[in-house]
Number of protein chains: 2
Amino acid sequence: VIVDVARDVLMREKDLHGVRLLVTGGPTVEPIDPVRYVTNRSSGKMGYAIAEAAVRRGADVTLVSGPTHLDPPAGVTTVQVTSAEEMYREVLDRFEAHDIVIKAAAVADYRPAHYAGHKMKKNDSSLVLEFVRTPDILAELGKRKSDQFLVGFAAETNDVEQHAIHKLKQKNLDLIVANDVSKPGAGFDVDTNVVSIYSRDGLVKELPKMDKRAVADALLDEIKGIRDG
Amino acid sequence: VIVDVARDVLMREKDLHGVRLLVTGGPTVEPIDPVRYVTNRSSGKMGYAIAEAAVRRGADVTLVSGPTHLDPPAGVTTVQVTSAEEMYREVLDRFEAHDIVIKAAAVADYRPAHYAGHKMKKNDSSLVLEFVRTPDILAELGKRKSDQFLVGFAAETNDVEQHAIHKLKQKNLDLIVANDVSKPGAGFDVDTNVVSIYSRDGLVKELPKMDKRAVADALLDEIKGIRDG
């Protein structure tokens with residue numbers, strides 16, 4: 001039995017050999033002026049954990065990352081971006097050349113319509129800012145998809161399953177990883193996550209509270225299982 | 001001569017003994033919904049460097065800090081806050097009990113007027129958000145000041161001297177530290193800064209590009225020189 005387990009561990013160790021995997025992580029930053037900006041809560045830990053797990057398991061990994069305080073993972077091609085527009089360009093450029101694409105970044109879906117080149121002065125008691133939609137990266141990947149396996153994330157605070165499956169279908173994803181970021185131990189700036197994985201047919205796997213590195217491996221296991229048929 | 005220099009260094013080492021110093025650092029975070037927020041560029045490095053220099057020189061130091069990725073400095077009473085409102089409360093509560101107050105934090109001057117308890121769904125191609133002014137901490141301190149020595153920071157991108165001196169007078173400060181954050185080596189997320197220090201009477205000191213720790217000591221030197229008359 002010990003020999004079987006050891007063989008399983010060793011086998012798994014390089015079970016993504018030859019697979020080209022693209023993962024995104026971190027937030028994007030959308031400037032209002034040189035000092036102020038709008039962003040999303042995201043430490044980048046989930047995306048970085050996926051990149052690290054995939055490279056350890058033998059994949060060729062590219063990480064497109066928004067601004068984080070994490071070190072680029074060893075053995076991973078890391079592309080640093082700031083805004084949603086930049087992330088859109090860098091991900092779209094690389095999409096064709098990858099087999100699995102996992103979008104773990106928390107991309108801003110709105111950016112300020114106007115950028116003030118000089119720091120705005122605070123003269124008024126209130127202020128109205130107009131925001132416009134950023135390009136929807138995941139929807140665009142879903143449209144262009146040929147044989148890529150496409151995985152999205154859904155950070156929700158309510159009706160998690162319903163929102164997640166709606167997003168999966170609308171964007172033509174293969175899997176979606178949903179987490180209720182209002183739960184303790186889930187979501188932003190913590191080392192753990194509490195996620196459920198859904199396919200078009202419904203719940204695939206509900207994971208307990210786990211270290212993000214363990215979530216990464218469990219997700220890669222599910223993807224591998226489905227792709228291998 | 002070597003003896004004189006050594007004595008100066010040793011003398012300076014505890015030259016703020018007994019002084020109660022309050023310093024603020026980092027940005028503030030103003031939530032739009034559980035996922036999205038508005039903030040200012042600030043690593044917190046300048047405020048933390050001042051706290052560290054002051055405690056090394058013998059002061060009793062309180063640091064009120066917005067969210068940063070820095071470790072609380074040893075020997076400093078650190079109070080963590082998130083929003084401008086919280087920073088206002090924590091600083092005002094402590095103002096009376098301090099001799100020197102240095103506001104190095106990049107406090108958001110506007111916050112979203114409405115907070116959406118659930119993550120907003122992105123249905124529309126554009127979005128208008130209303131912002132309201134946060135309480136002006138520095139102006140309030142300037143009004144309440146009795147014998148405290150009050151120092152502000154001005155991060156500017158244009159007409160630096162003019163904006164800085166205007167701010168100093170308007171808010172009844174004793175000194176203001178101005179930096180042109182559009183200059184290389186100044187401002188956000190770097191270890192160096194390029195600052196000029198102004199009093200009501202004009203330029204006090206123009207410092208070259210320096211490590212933020214050296215800027216901290218130079219600023220404390222100026223404050224001490226003026227307070228000691």
# chains A, B, ... in the order shown; residues from 1 in each chain; ligands from 1
>>> residues_around(residues="region 190-194 of chain B", least_positions_apart="4", cutoff="8 Å", atoms="only C-alpha atoms", output="PyMOL selection string")
chain B and resi 45+179-180+183+185-186+207-212+215
>>> closest_atom_pairs(of="chain B", to="chain A", cutoff="8 Å", atoms="only C-alpha atoms", output="CSV")
residue,atom,partner,partner_atom,distance
B:Pro34,CA,A:Thr157,CA,7.7
B:Val35,CA,A:Arg41,CA,5.4
B:Arg36,CA,A:Asn40,CA,4.5
B:Tyr37,CA,A:Thr39,CA,5.6
B:Val38,CA,A:Val38,CA,4.4
B:Thr39,CA,A:Tyr37,CA,5.6
B:Asn40,CA,A:Arg36,CA,4.5
B:Arg41,CA,A:Val35,CA,5.5
B:His69,CA,A:His69,CA,7.7
B:Ala108,CA,A:Arg36,CA,7.9
B:Asp109,CA,A:Lys122,CA,7.2
B:Tyr110,CA,A:Ser126,CA,7.7
B:His118,CA,A:Thr157,CA,6.0
B:Lys119,CA,A:Thr157,CA,6.3
B:Lys122,CA,A:Asp109,CA,7.2
B:Asp124,CA,A:Arg133,CA,7.7
B:Ser125,CA,A:Arg133,CA,5.4
B:Ser126,CA,A:Val132,CA,4.3
B:Leu127,CA,A:Phe131,CA,5.0
B:Val128,CA,A:Glu130,CA,4.6
B:Leu129,CA,A:Leu129,CA,5.5
B:Glu130,CA,A:Val128,CA,4.6
B:Phe131,CA,A:Leu127,CA,5.0
B:Val132,CA,A:Ser126,CA,4.3
B:Arg133,CA,A:Ser125,CA,5.4
B:Glu156,CA,A:Lys119,CA,6.8
B:Thr157,CA,A:His118,CA,6.1
B:Asn158,CA,A:His118,CA,7.1
>>> closest_residue(among="B:Met87, B:Val177, B:Leu219, B:Ala214", to="Ile137 (chain B)", atoms="only C-alpha atoms")
B:Met87
>>> closest_atom_pairs(of="region 65-154 of chain B", to="region 54-58 of chain B", cutoff="10 Å", atoms="only C-alpha atoms", output="tab-separated table")
residue	atom	partner	partner_atom	distance
B:Pro73	CA	B:Val55	CA	9.0
B:Ala74	CA	B:Val55	CA	8.6
B:Gly75	CA	B:Val55	CA	6.8
B:Val76	CA	B:Val55	CA	6.8
>>> atom_distance(atom1="CA of Glu85 (chain B)", atom2="CA of Val23 (chain B)")
16.6 Å
>>> select_by_dssp(residues="region 123-227 of chain A", states="alpha helix (DSSP H)", output="PyMOL selection string")
chain A and resi 137-144+160-170+212-227
>>> write_last_selection(atoms="C-alpha atoms", output="PDB file, in the first residue's frame")
ATOM      1  CA  ILE A 137     -11.809  38.886 -20.874  1.00  0.00           C
ATOM      2  CA  LEU A 138     -13.548  35.665 -19.918  1.00  0.00           C
ATOM      3  CA  ALA A 139     -16.494  36.218 -22.289  1.00  0.00           C
ATOM      4  CA  GLU A 140     -14.057  36.932 -25.143  1.00  0.00           C
ATOM      5  CA  LEU A 141     -12.065  33.759 -24.375  1.00  0.00           C
ATOM      6  CA  GLY A 142     -15.334  31.776 -24.304  1.00  0.00           C
ATOM      7  CA  LYS A 143     -16.166  33.073 -27.791  1.00  0.00           C
ATOM      8  CA  ARG A 144     -12.736  32.342 -29.270  1.00  0.00           C
ATOM      9  CA  VAL A 160     -23.320  31.727  -4.953  1.00  0.00           C
ATOM     10  CA  GLU A 161     -24.349  28.606  -6.908  1.00  0.00           C
ATOM     11  CA  GLN A 162     -26.917  30.416  -9.030  1.00  0.00           C
ATOM     12  CA  HIS A 163     -24.543  33.249  -9.964  1.00  0.00           C
ATOM     13  CA  ALA A 164     -21.698  30.823 -10.642  1.00  0.00           C
ATOM     14  CA  ILE A 165     -23.602  28.523 -13.009  1.00  0.00           C
ATOM     15  CA  HIS A 166     -25.135  31.502 -14.812  1.00  0.00           C
ATOM     16  CA  LYS A 167     -21.634  32.938 -15.366  1.00  0.00           C
ATOM     17  CA  LEU A 168     -20.292  29.574 -16.550  1.00  0.00           C
ATOM     18  CA  LYS A 169     -23.013  29.176 -19.205  1.00  0.00           C
ATOM     19  CA  GLN A 170     -23.040  32.803 -20.295  1.00  0.00           C
ATOM     20  CA  LYS A 212      -4.990  27.802  -1.260  1.00  0.00           C
ATOM     21  CA  ARG A 213      -2.164  25.469  -2.364  1.00  0.00           C
ATOM     22  CA  ALA A 214      -4.385  22.459  -1.636  1.00  0.00           C
ATOM     23  CA  VAL A 215      -7.282  24.121  -3.513  1.00  0.00           C
ATOM     24  CA  ALA A 216      -4.916  24.595  -6.470  1.00  0.00           C
ATOM     25  CA  ASP A 217      -4.005  20.903  -6.571  1.00  0.00           C
ATOM     26  CA  ALA A 218      -7.644  19.813  -6.145  1.00  0.00           C
ATOM     27  CA  LEU A 219      -8.680  22.072  -9.039  1.00  0.00           C
ATOM     28  CA  LEU A 220      -5.898  20.748 -11.265  1.00  0.00           C
ATOM     29  CA  ASP A 221      -6.993  17.183 -10.366  1.00  0.00           C
ATOM     30  CA  GLU A 222     -10.560  17.941 -11.508  1.00  0.00           C
ATOM     31  CA  ILE A 223      -9.398  19.564 -14.743  1.00  0.00           C
ATOM     32  CA  LYS A 224      -7.073  16.672 -15.505  1.00  0.00           C
ATOM     33  CA  GLY A 225      -9.832  14.140 -14.754  1.00  0.00           C
ATOM     34  CA  ILE A 226     -12.272  15.797 -17.151  1.00  0.00           C
ATOM     35  CA  ARG A 227      -9.721  16.392 -19.922  1.00  0.00           C
TER      36      ARG A 227
END
>>> closest_residue(among="A:Ser146, A:Thr68, A:Gln80, A:Asn172", to="Asp189 (chain B)", atoms="only C-alpha atoms")
A:Thr68
>>> closest_residue(among="A:Gly152, A:Gly202, A:Gly229, A:Gly26", to="Lys103 (chain A)", atoms="only C-alpha atoms")
A:Gly152
>>> select_by_dssp(residues="region 118-212 of chain B", states="strand (DSSP E)", output="VMD selection string")
chain B and resid 126 to 133 149 to 156 175 to 180 192 to 193 195 to 199 202 to 206 210 to 211
>>> atom_distance(atom1="CA of Ile100 (chain A)", atom2="CA of Val151 (chain A)")
7.8 Å
>>> atom_distance(atom1="CA of Thr28 (chain A)", atom2="CA of Asp147 (chain A)")
27.6 Å
>>> closest_residue(among="B:Asp60, B:Glu90, B:Asp71, B:Asp136", to="Val107 (chain B)", atoms="only C-alpha atoms")
B:Asp136
>>> decode(residues="region 117-199 of chain B", atoms="C-alpha atoms", output="tab-separated table (two decimals), in the first residue's frame")
chain	number	residue	atom	x	y	z
B	117	GLY	CA	-23.72	45.33	0.88
B	118	HIS	CA	-23.88	42.78	-1.93
B	119	LYS	CA	-21.44	42.65	-4.79
B	120	MET	CA	-22.87	44.79	-7.59
B	121	LYS	CA	-23.70	43.01	-10.82
B	122	LYS	CA	-22.30	44.47	-14.01
B	123	ASN	CA	-25.33	44.97	-16.18
B	124	ASP	CA	-24.73	48.37	-17.63
B	125	SER	CA	-22.19	49.69	-20.06
B	126	SER	CA	-21.55	52.65	-17.81
B	127	LEU	CA	-22.02	53.47	-14.17
B	128	VAL	CA	-22.14	56.69	-12.21
B	129	LEU	CA	-20.91	56.73	-8.64
B	130	GLU	CA	-21.39	59.56	-6.21
B	131	PHE	CA	-18.61	60.35	-3.78
B	132	VAL	CA	-18.71	62.50	-0.65
B	133	ARG	CA	-15.89	64.21	1.23
B	134	THR	CA	-14.30	62.38	4.13
B	135	PRO	CA	-13.53	64.40	7.28
B	136	ASP	CA	-10.39	66.51	6.81
B	137	ILE	CA	-8.15	65.19	9.60
B	138	LEU	CA	-5.33	67.68	9.16
B	139	ALA	CA	-7.65	70.71	9.06
B	140	GLU	CA	-9.38	69.52	12.23
B	141	LEU	CA	-6.02	69.03	14.00
B	142	GLY	CA	-4.97	72.52	12.88
B	143	LYS	CA	-8.12	73.97	14.50
B	144	ARG	CA	-7.71	72.07	17.77
B	145	LYS	CA	-3.97	72.62	18.06
B	146	SER	CA	-2.69	74.10	21.33
B	147	ASP	CA	1.05	73.46	21.74
B	148	GLN	CA	1.32	70.44	19.44
B	149	PHE	CA	3.80	70.64	16.57
B	150	LEU	CA	1.85	69.67	13.46
B	151	VAL	CA	3.45	68.36	10.26
B	152	GLY	CA	1.66	67.49	7.04
B	153	PHE	CA	2.69	65.91	3.76
B	154	ALA	CA	1.74	67.10	0.29
B	155	ALA	CA	2.02	64.65	-2.59
B	156	GLU	CA	1.74	66.79	-5.69
B	157	THR	CA	2.22	66.39	-9.41
B	158	ASN	CA	2.41	70.09	-10.38
B	159	ASP	CA	3.05	73.53	-8.79
B	160	VAL	CA	4.44	71.67	-5.79
B	161	GLU	CA	5.69	74.65	-3.73
B	162	GLN	CA	2.57	76.74	-4.29
B	163	HIS	CA	0.19	73.90	-3.35
B	164	ALA	CA	2.28	72.91	-0.35
B	165	ILE	CA	2.48	76.39	1.21
B	166	HIS	CA	-1.21	76.99	0.55
B	167	LYS	CA	-2.05	73.73	2.35
B	168	LEU	CA	0.24	74.58	5.28
B	169	LYS	CA	-1.40	77.97	5.86
B	170	GLN	CA	-4.96	76.79	5.25
B	171	LYS	CA	-4.59	73.97	7.78
B	172	ASN	CA	-2.50	75.81	10.38
B	173	LEU	CA	0.50	73.46	10.15
B	174	ASP	CA	4.00	74.10	11.49
B	175	LEU	CA	5.80	72.31	8.68
B	176	ILE	CA	4.86	70.63	5.44
B	177	VAL	CA	6.85	68.02	3.56
B	178	ALA	CA	6.21	68.30	-0.16
B	179	ASN	CA	7.11	65.79	-2.79
B	180	ASP	CA	6.58	65.77	-6.50
B	181	VAL	CA	5.36	62.21	-6.97
B	182	SER	CA	5.83	62.46	-10.73
B	183	LYS	CA	9.65	62.64	-10.21
B	184	PRO	CA	11.71	59.44	-10.48
B	185	GLY	CA	12.69	58.16	-7.04
B	186	ALA	CA	9.89	60.07	-5.29
B	187	GLY	CA	6.62	58.92	-3.94
B	188	PHE	CA	4.86	55.61	-4.03
B	189	ASP	CA	6.13	52.09	-3.53
B	190	VAL	CA	9.78	53.05	-3.75
B	191	ASP	CA	12.34	53.12	-0.94
B	192	THR	CA	13.53	56.62	-1.74
B	193	ASN	CA	11.92	60.02	-1.70
B	194	VAL	CA	12.72	63.52	-2.97
B	195	VAL	CA	11.21	66.12	-0.67
B	196	SER	CA	11.31	69.77	0.27
B	197	ILE	CA	10.31	71.00	3.71
B	198	TYR	CA	8.43	74.31	4.04
B	199	SER	CA	7.36	76.44	6.98
